[in-house]
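Participant: You'll find target-v6.txt just under this line, and it carries compact mmCIF, C-alpha atoms.
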```txt
# COMPACT_ATOMS: atom_id res chain seq x y z
CA MET C 642 20.81 90.10 -12.64
CA GLU C 643 22.37 88.73 -15.74
CA GLY C 644 24.98 86.89 -13.67
CA ARG C 645 22.22 85.57 -11.42
CA GLN C 646 20.23 84.16 -14.35
CA THR C 647 23.27 82.46 -15.77
CA TRP C 648 23.94 80.79 -12.42
CA LEU C 649 20.35 79.49 -12.23
CA GLY C 650 20.58 78.09 -15.75
CA GLU C 651 23.78 76.26 -14.92
CA GLU C 652 22.12 74.81 -11.80
CA ASP C 653 19.16 73.53 -13.82
CA THR C 654 21.50 71.93 -16.32
CA ASP C 655 23.46 70.15 -13.57
CA LEU C 656 20.26 68.69 -12.03
CA THR C 657 19.06 67.05 -15.24
CA PRO C 658 21.40 64.02 -15.18
CA ARG C 659 20.56 63.51 -11.54
CA VAL C 660 16.84 63.45 -12.21
CA VAL C 661 17.34 61.04 -15.10
CA ALA C 662 19.49 58.77 -12.90
CA VAL C 663 16.83 58.76 -10.17
CA ARG C 664 14.14 57.90 -12.69
CA ARG C 665 16.23 55.09 -14.10
CA ARG C 666 16.90 53.68 -10.66
CA ALA C 667 13.19 53.81 -9.85
CA ASN C 668 12.39 52.17 -13.17
CA LEU C 669 14.94 49.44 -12.42
CA VAL C 670 12.73 48.34 -9.50
CA TRP C 671 10.11 47.19 -12.02
CA PHE C 672 12.72 45.10 -13.84
CA VAL C 673 13.87 43.46 -10.61
CA GLY C 674 10.23 42.82 -9.66
CA SER C 675 9.63 41.20 -13.05
CA ILE C 676 12.57 38.86 -12.50
CA ALA C 677 11.36 38.00 -8.98
CA ALA C 678 7.84 37.24 -10.22
CA SER C 679 9.26 35.03 -13.00
CA MET C 680 11.35 33.14 -10.46
CA ALA C 681 8.26 32.71 -8.27
CA ALA C 682 6.37 31.22 -11.24
CA ALA C 683 9.27 28.83 -11.90
CA GLY C 684 9.38 27.85 -8.23
CA ILE C 685 5.66 27.09 -8.22
CA SER C 686 6.12 24.92 -11.31
CA LEU C 687 8.94 22.98 -9.66
CA PHE C 688 6.79 22.47 -6.57
CA ALA C 689 3.86 21.19 -8.63
CA ASP C 690 6.03 18.84 -10.70
CA ARG C 691 8.10 17.48 -7.82
CA GLU C 692 8.77 13.74 -7.77
CA ASP C 693 5.91 11.69 -6.32
CA THR C 694 7.18 9.27 -3.68
CA THR C 695 3.82 7.49 -3.31
CA PRO C 696 4.68 4.54 -5.62
CA ALA C 697 7.80 3.76 -3.60
CA ALA C 698 5.82 3.94 -0.36
CA ALA C 699 3.14 1.67 -1.82
CA GLU C 700 5.85 -0.82 -2.80
CA VAL C 701 6.91 -0.96 0.85
CA GLN C 702 3.33 -1.92 1.73
CA ALA C 703 3.35 -4.67 -0.90
CA GLN C 704 6.43 -6.05 0.83
CA ARG C 705 4.62 -5.74 4.17
CA ILE C 706 1.71 -7.79 2.81
CA ALA C 707 4.14 -10.44 1.56
CA GLY C 708 5.72 -10.54 5.02
CA SER C 709 2.31 -10.99 6.65
CA ILE C 710 1.49 -13.87 4.29
CA ASP C 711 4.86 -15.48 5.04
CA THR C 712 4.32 -15.17 8.80
CA ALA C 713 0.81 -16.61 8.64
CA ALA C 714 1.92 -19.51 6.41
CA ARG C 715 4.86 -20.35 8.65
CA ASN C 716 2.75 -20.27 11.81
CA ALA C 717 0.02 -22.34 10.19
CA HIS C 718 2.47 -25.04 9.09
CA VAL C 719 4.18 -25.20 12.47
CA GLN C 720 0.83 -25.79 14.18
CA ALA C 721 -0.49 -28.19 11.52
CA ASP C 722 2.69 -30.27 11.56
CA GLY C 723 2.61 -30.38 15.35
CA ILE C 724 -0.99 -31.61 15.45
CA ALA C 725 -0.44 -34.16 12.67
CA GLY C 726 2.58 -35.60 14.48
CA THR C 727 0.91 -35.93 17.87
CA PRO C 728 0.78 -39.64 18.81
CA VAL C 729 -2.81 -39.54 20.07
CA VAL C 730 -3.97 -37.91 16.84
CA ARG C 731 -2.17 -40.53 14.79
CA ALA C 732 -3.78 -43.23 16.93
CA GLY C 733 -7.22 -41.66 16.70
CA ILE C 734 -7.28 -41.06 12.95
CA THR C 735 -8.57 -44.59 12.34
CA THR C 736 -11.40 -44.20 14.87
CA ASP C 737 -14.42 -41.90 14.71
CA ALA C 738 -15.50 -38.28 15.30
CA SER C 739 -16.50 -38.90 18.93
CA THR C 740 -13.09 -40.31 19.79
CA MET C 741 -11.29 -37.47 17.98
CA ALA C 742 -13.43 -34.87 19.81
CA ASP C 743 -12.41 -36.46 23.12
CA ILE C 744 -8.76 -36.39 22.04
CA ALA C 745 -9.06 -32.72 21.09
CA ALA C 746 -10.67 -31.83 24.41
CA ASN C 747 -8.19 -33.68 26.59
CA GLU C 748 -5.00 -34.24 24.62
CA ILE C 749 -4.35 -31.72 21.84
CA HIS C 750 -5.20 -28.53 23.73
CA PHE C 751 -5.44 -26.61 20.47
CA SER C 752 -5.41 -22.90 21.36
CA HIS C 753 -7.33 -21.46 18.48
CA ASN C 754 -7.22 -17.71 17.94
CA PRO C 755 -10.06 -15.59 16.51
CA GLY C 756 -10.50 -16.30 12.81
CA GLU C 757 -8.56 -19.58 12.89
CA THR C 758 -10.12 -22.92 11.90
CA LEU C 759 -8.79 -26.44 12.43
CA GLU C 760 -10.14 -29.44 10.59
CA ILE C 761 -8.98 -33.06 10.79
CA PHE C 762 -10.03 -35.36 7.98
CA GLN C 763 -10.09 -39.14 7.88
CA ILE C 764 -9.33 -40.37 4.37
CA ARG C 765 -10.33 -43.82 3.12
CA GLY C 766 -9.75 -44.11 -0.57
CA ASP C 767 -11.63 -41.22 -2.19
CA SER C 768 -13.83 -40.66 0.87
CA TRP C 769 -13.04 -37.71 3.15
CA THR C 770 -14.73 -37.58 6.55
CA THR C 771 -14.41 -34.72 9.00
CA LEU C 772 -13.52 -36.10 12.41
CA LEU C 773 -12.95 -32.71 14.05
CA ARG C 774 -13.63 -29.06 13.28
CA VAL C 775 -12.71 -26.23 15.64
CA PRO C 776 -14.76 -24.15 16.08
CA PRO C 777 -17.57 -26.52 15.07
CA GLU C 778 -20.00 -23.81 13.87
CA VAL C 779 -17.84 -22.40 11.07
CA ALA C 780 -17.84 -23.51 7.43
CA GLY C 781 -15.58 -26.42 6.62
CA ILE C 782 -12.20 -26.06 4.94
CA ALA C 783 -11.94 -27.25 1.36
CA HIS C 784 -9.76 -30.34 1.05
CA VAL C 785 -6.02 -29.77 1.01
CA SER C 786 -3.69 -32.71 0.36
CA GLY C 787 -0.24 -33.31 1.79
CA ARG C 788 1.95 -30.54 3.15
CA THR C 789 0.67 -27.82 0.88
CA THR C 790 -0.26 -24.17 1.25
CA ARG C 791 -3.23 -22.36 -0.19
CA LEU C 792 -4.53 -18.79 -0.06
CA GLU C 793 -8.22 -18.09 0.13
CA ASN C 794 -10.29 -14.95 -0.17
CA SER C 795 -12.47 -14.80 2.92
CA GLY C 796 -15.04 -12.74 1.03
CA GLY C 797 -15.06 -10.03 3.69
CA GLY C 798 -11.99 -8.09 2.68
CA GLY C 799 -9.65 -10.60 4.28
CA LEU C 800 -7.11 -13.18 3.21
CA GLU C 801 -6.55 -16.61 4.77
CA VAL C 802 -3.67 -19.07 4.61
CA ILE C 803 -4.60 -22.76 4.56
CA ALA C 804 -1.82 -25.12 5.64
CA GLY C 805 -2.04 -28.87 5.24
CA ALA C 806 -0.20 -31.68 7.01
CA PRO C 807 -0.66 -35.43 6.37
CA ILE C 808 -1.38 -37.79 9.29
CA SER C 809 0.16 -41.27 9.28
CA PRO C 810 -1.74 -43.74 11.51
CA GLN C 811 0.07 -44.81 14.67
CA SER C 812 -0.85 -48.44 14.08
CA ALA C 813 -3.24 -50.00 11.64
CA GLU C 814 -4.09 -53.37 10.20
CA ALA C 815 -2.19 -54.37 7.12
CA ASN C 816 -5.25 -54.03 4.88
CA ASP C 817 -6.36 -50.74 6.46
CA LYS C 818 -5.41 -47.89 4.11
CA THR C 819 -6.85 -45.17 6.35
CA VAL C 820 -4.80 -41.99 6.51
CA GLY C 821 -5.54 -38.50 7.76
CA GLN C 822 -5.08 -34.87 6.91
CA VAL C 823 -4.84 -31.72 9.01
CA ALA C 824 -6.06 -28.46 7.50
CA LEU C 825 -5.48 -25.25 9.40
CA SER C 826 -6.75 -21.85 8.32
CA ILE C 827 -5.12 -18.68 9.70
CA PRO C 828 -6.11 -15.13 8.72
CA VAL C 829 -3.40 -12.91 7.25
CA ASP C 830 -2.90 -9.72 9.24
CA LEU C 831 -3.49 -6.92 6.74
CA ALA C 832 -4.30 -4.22 9.32
CA ALA C 833 -0.95 -2.42 9.22
CA ALA C 834 -0.75 -2.36 5.42
CA ARG C 835 -4.38 -1.25 5.18
CA LEU C 836 -3.74 1.62 7.60
CA GLN C 837 -0.64 2.85 5.76
CA LEU C 838 -2.24 2.56 2.33
CA THR C 839 -5.24 4.56 3.53
CA GLU C 840 -2.88 7.49 4.07
CA LEU C 841 -1.11 6.99 0.73
CA VAL C 842 -3.66 6.14 -1.98
CA ARG C 843 -7.30 6.55 -2.96
CA GLU C 844 -7.93 2.92 -3.91
CA ALA C 845 -6.03 -0.28 -3.14
CA ALA C 846 -6.74 -3.98 -3.61
CA ILE C 847 -4.94 -7.32 -3.61
CA VAL C 848 -5.40 -9.01 -6.98
CA GLY C 849 -4.77 -12.67 -7.73
CA VAL C 850 -6.87 -14.58 -5.17
CA GLY C 851 -10.38 -14.75 -6.56
CA GLN C 852 -12.15 -11.41 -6.49
CA PRO C 853 -9.92 -8.42 -5.65
CA ILE C 854 -9.53 -7.95 -1.90
CA SER C 855 -10.25 -4.30 -1.18
CA LEU C 856 -7.88 -2.60 1.25
CA VAL C 857 -8.72 1.06 0.57
CA SER C 858 -11.86 2.41 -1.06
CA LYS C 859 -12.05 6.19 -0.84
CA GLY C 860 -12.84 6.79 -4.50
CA GLY C 861 -11.14 9.10 -6.95
CA GLY C 862 -7.48 8.92 -7.80
CA THR C 863 -5.59 9.48 -11.02
CA LYS C 864 -2.88 7.06 -12.12
CA THR C 865 -3.22 3.31 -11.39
CA ILE C 866 -0.11 1.33 -10.44
CA ASN C 867 0.27 -2.46 -10.10
CA ILE C 868 2.99 -3.67 -7.74
CA PRO C 869 3.98 -7.36 -7.49
CA ILE C 870 3.64 -8.80 -4.00
CA PRO C 871 6.96 -10.65 -3.44
CA ILE C 872 5.70 -13.83 -1.79
CA SER C 873 8.29 -16.42 -0.77
CA ASP C 874 8.73 -19.27 -3.27
CA GLU C 875 8.68 -21.67 -0.32
CA TRP C 876 4.86 -21.71 -0.30
CA LYS C 877 4.35 -22.17 -4.05
CA LEU C 878 1.50 -19.67 -4.13
CA PRO C 879 0.10 -17.93 -7.22
CA ALA C 880 1.38 -14.50 -8.20
CA MET C 881 -0.41 -11.57 -6.63
CA THR C 882 -0.27 -7.82 -7.14
CA LEU C 883 -1.18 -4.74 -5.17
CA SER C 884 -3.27 -2.49 -7.41
CA ALA C 885 -3.55 1.13 -6.26
CA LYS C 886 -4.90 4.43 -7.55
CA LEU C 887 -2.68 7.37 -6.69
CA PRO C 888 -4.03 10.72 -5.51
CA SER C 889 -3.22 13.95 -7.28
CA HIS C 890 -0.41 15.79 -5.46
CA ARG C 891 -0.97 19.06 -7.32
CA PRO C 892 -2.87 21.52 -5.08
CA LYS C 893 -5.71 23.43 -6.73
CA TRP C 894 -4.02 26.79 -6.10
CA VAL C 895 -0.89 25.91 -8.10
CA ASP C 896 -2.07 26.83 -11.60
CA PRO C 897 -3.81 30.11 -10.62
CA ALA C 898 -0.77 31.15 -8.58
CA ARG C 899 1.62 30.35 -11.41
CA PHE C 900 -0.42 32.26 -13.99
CA ALA C 901 -0.78 35.20 -11.61
CA ALA C 902 3.00 35.31 -11.08
CA LEU C 903 3.62 35.18 -14.83
CA GLY C 904 1.07 37.92 -15.44
CA LEU C 905 2.65 40.11 -12.78
CA ALA C 906 6.10 39.50 -14.28
CA GLY C 907 4.82 40.54 -17.71
CA LEU C 908 3.14 43.67 -16.36
CA MET C 909 6.27 44.76 -14.49
CA LEU C 910 8.39 44.19 -17.59
CA LEU C 911 6.05 46.38 -19.69
CA ILE C 912 6.24 49.15 -17.09
CA PHE C 913 10.04 48.88 -17.10
CA LEU C 914 10.25 49.07 -20.90
CA ASN C 915 7.86 52.01 -20.98
CA GLY C 916 10.03 53.76 -18.41
CA LEU C 917 13.10 53.23 -20.57
CA ARG C 918 11.33 54.77 -23.55
CA LYS C 919 10.38 57.87 -21.58
CA ALA C 920 13.84 58.23 -20.11
```
Please express the file's structure as structure tokens.

Facilitator:
Amino acid sequence: MEGRQTWLGEEDTDLTPRVVAVRRRANLVWFVGSIAASMAAAGISLFADREDTTPAAAEVQAQRIAGSIDTAARNAHVQADGIAGTPVVRAGITTDASTMADIAANEIHFSHNPGETLEIFQIRGDSWTTLLRVPPEVAGIAHVSGRTTRLENSGGGGLEVIAGAPISPQSAEANDKTVGQVALSIPVDLAAARLQLTELVREAAIVGVGQPISLVSKGGGTKTINIPIPISDEWKLPAMTLSAKLPSHRPKWVDPARFAALGLAGLMLLIFLNGLRKA
């Protein structure tokens, strides 16, 4: 019996390091979990603070707006110059509105698109007389002299390019100082930029042409950015900017998730340290 008891005591003594090793390995799981939870918290922070690409995307839309203005201005001047140089228009500029209307109906064949307005002025000294307006029911175009370009706020969330072209009479008496002026208004196509900005920002407007021209109005937003609209110097137009309010890109769940991960990491670390103390 004595030999038997000694053998059992030796067995118990041999098992002790093994039990301690198992406990330590089990306790190590809490340490690994604490590290994993800390890394998760750091990953959430990186996700929340990632670089916002919205300003760069909005800058692309400012360039798109500039391109639309350039296209409208170029088209308007091509048409205005063509009308002003037409021989029958040059001959009719010294006549009257009835004659010019007949010329427009039978000679010019002006194909006016929706939103476009053509006006032909007869100028005698300081007196400007409208000889033709197409379509006739719309408001007249404010006087524009020479081959100039002007931007106007349509008042309905739109932008218009006004192109001018002078008319030299075909033939006139020596003492007749009558000249003419073509004014052509073409709307700027803002549809594509408006659509893209709607997906990017909470608020957006073109600033620099009278009252701001609203492109997006969803409300809210955080930071406001102002991006210059790079209009071609060819048109000698005033500076304009695209003003936009950026949305918040931080989801509402980010902060609770980060704090929960940090709390879990702290709890696991405490359990690990307590396990070390007991071991």

Participant: List the residues sitting within 8 Å of (-7.0, -38.2, 8.9) in the file's frame, using all atoms listed in the file, as a compact mmCIF listing (two decimals) with C-alpha atoms, in the frame of the given file.

Facilitator:
```
# COMPACT_ATOMS: atom_id res chain seq x y z
CA ARG C 731 -2.17 -40.53 14.79
CA ILE C 734 -7.28 -41.06 12.95
CA THR C 735 -8.57 -44.59 12.34
CA ILE C 761 -8.98 -33.06 10.79
CA PHE C 762 -10.03 -35.36 7.98
CA GLN C 763 -10.09 -39.14 7.88
CA ILE C 764 -9.33 -40.37 4.37
CA LEU C 772 -13.52 -36.10 12.41
CA PRO C 807 -0.66 -35.43 6.37
CA ILE C 808 -1.38 -37.79 9.29
CA SER C 809 0.16 -41.27 9.28
CA THR C 819 -6.85 -45.17 6.35
CA VAL C 820 -4.80 -41.99 6.51
CA GLY C 821 -5.54 -38.50 7.76
CA GLN C 822 -5.08 -34.87 6.91
CA VAL C 823 -4.84 -31.72 9.01
```

Participant: Would you mind reading off the distance between atom CA of C:Ser884 and atom CA of C:Ile868, one decimal, in Å?

Facilitator: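 A separation of 6.4 Å between them.
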
Participant: Counting only C-alpha atoms, which residue out of C:Glu778, C:Pro810, C:Ala703, C:Ile872 sits closest to C:Gly733?

Facilitator: C:Pro810

Participant: Taking into account all atoms listed in the file, which residue in the set C:Ala698, C:Val673, C:Leu905, C:Ile710 is nearest to C:Glu875?

Facilitator: C:Ile710

Participant: Measuring atom to atom with only C-alpha atoms, identify which of C:Met741, C:Ile749, C:Val848, C:Ala732 is nearest to C:Asn794.

Facilitator: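 Nearest candidate to C:Asn794 out of C:Met741, C:Ile749, C:Val848, C:Ala732: C:Val848.
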
Participant: Atom CA of C:Leu914 and atom CA of C:Ala681 are how many Å apart?

Facilitator: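 Atom CA of C:Ala681 lies at a distance of 20.8 Å from atom CA of C:Leu914.
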
Participant: Any idea what the distance is between atom CA of C:His750 and atom CA of C:Leu800?

Facilitator: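 Interatomic distance, atom CA of C:His750 to atom CA of C:Leu800: 25.7 Å.
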
Participant: Which one of C:Ala699, C:Ala898, C:Leu908, C:Leu903 sits closest to C:Ala845 if you count only C-alpha atoms?

Facilitator: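 Closest candidate: C:Ala699.
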
Participant: For C:Ser768, which residue out of C:Thr790, C:Pro755, C:His784, C:Ser709 is the nearest one, using only C-alpha atoms?

Facilitator: C:His784

Participant: Using only C-alpha atoms, which of C:Ile724, C:Ala683, C:Ala745, C:Val842 sits nearest C:Pro776?

Facilitator: C:Ala745

Participant: Write out as a PyMOL selection string each polymer residue whose atoms come within 8 Å of C:Leu856, counting only C-alpha atoms; drop sequence neighbours fewer than 2 positions from it.

Facilitator: chain C and resi 798+835+838-839+844-847+854+858

Participant: List as a PyMOL selection string: which residues have an atom within 12 Å of (-1.5, -10.1, 8.3), counting all atoms listed in the file?

Facilitator: chain C and resi 702-714+716+756+799-802+827-836

Participant: Step by step, gather every atom of stretch 841-846 of chain C that the file lists, find the box along x, y and z that holds them, add 4 Å on each side, and finally give centre and edge lengths in Å to one decimal, as JSON.

Facilitator:
```
{"center_x": -4.5, "center_y": 1.5, "center_z": -1.6, "size_x": 14.8, "size_y": 19.0, "size_z": 12.6}
```
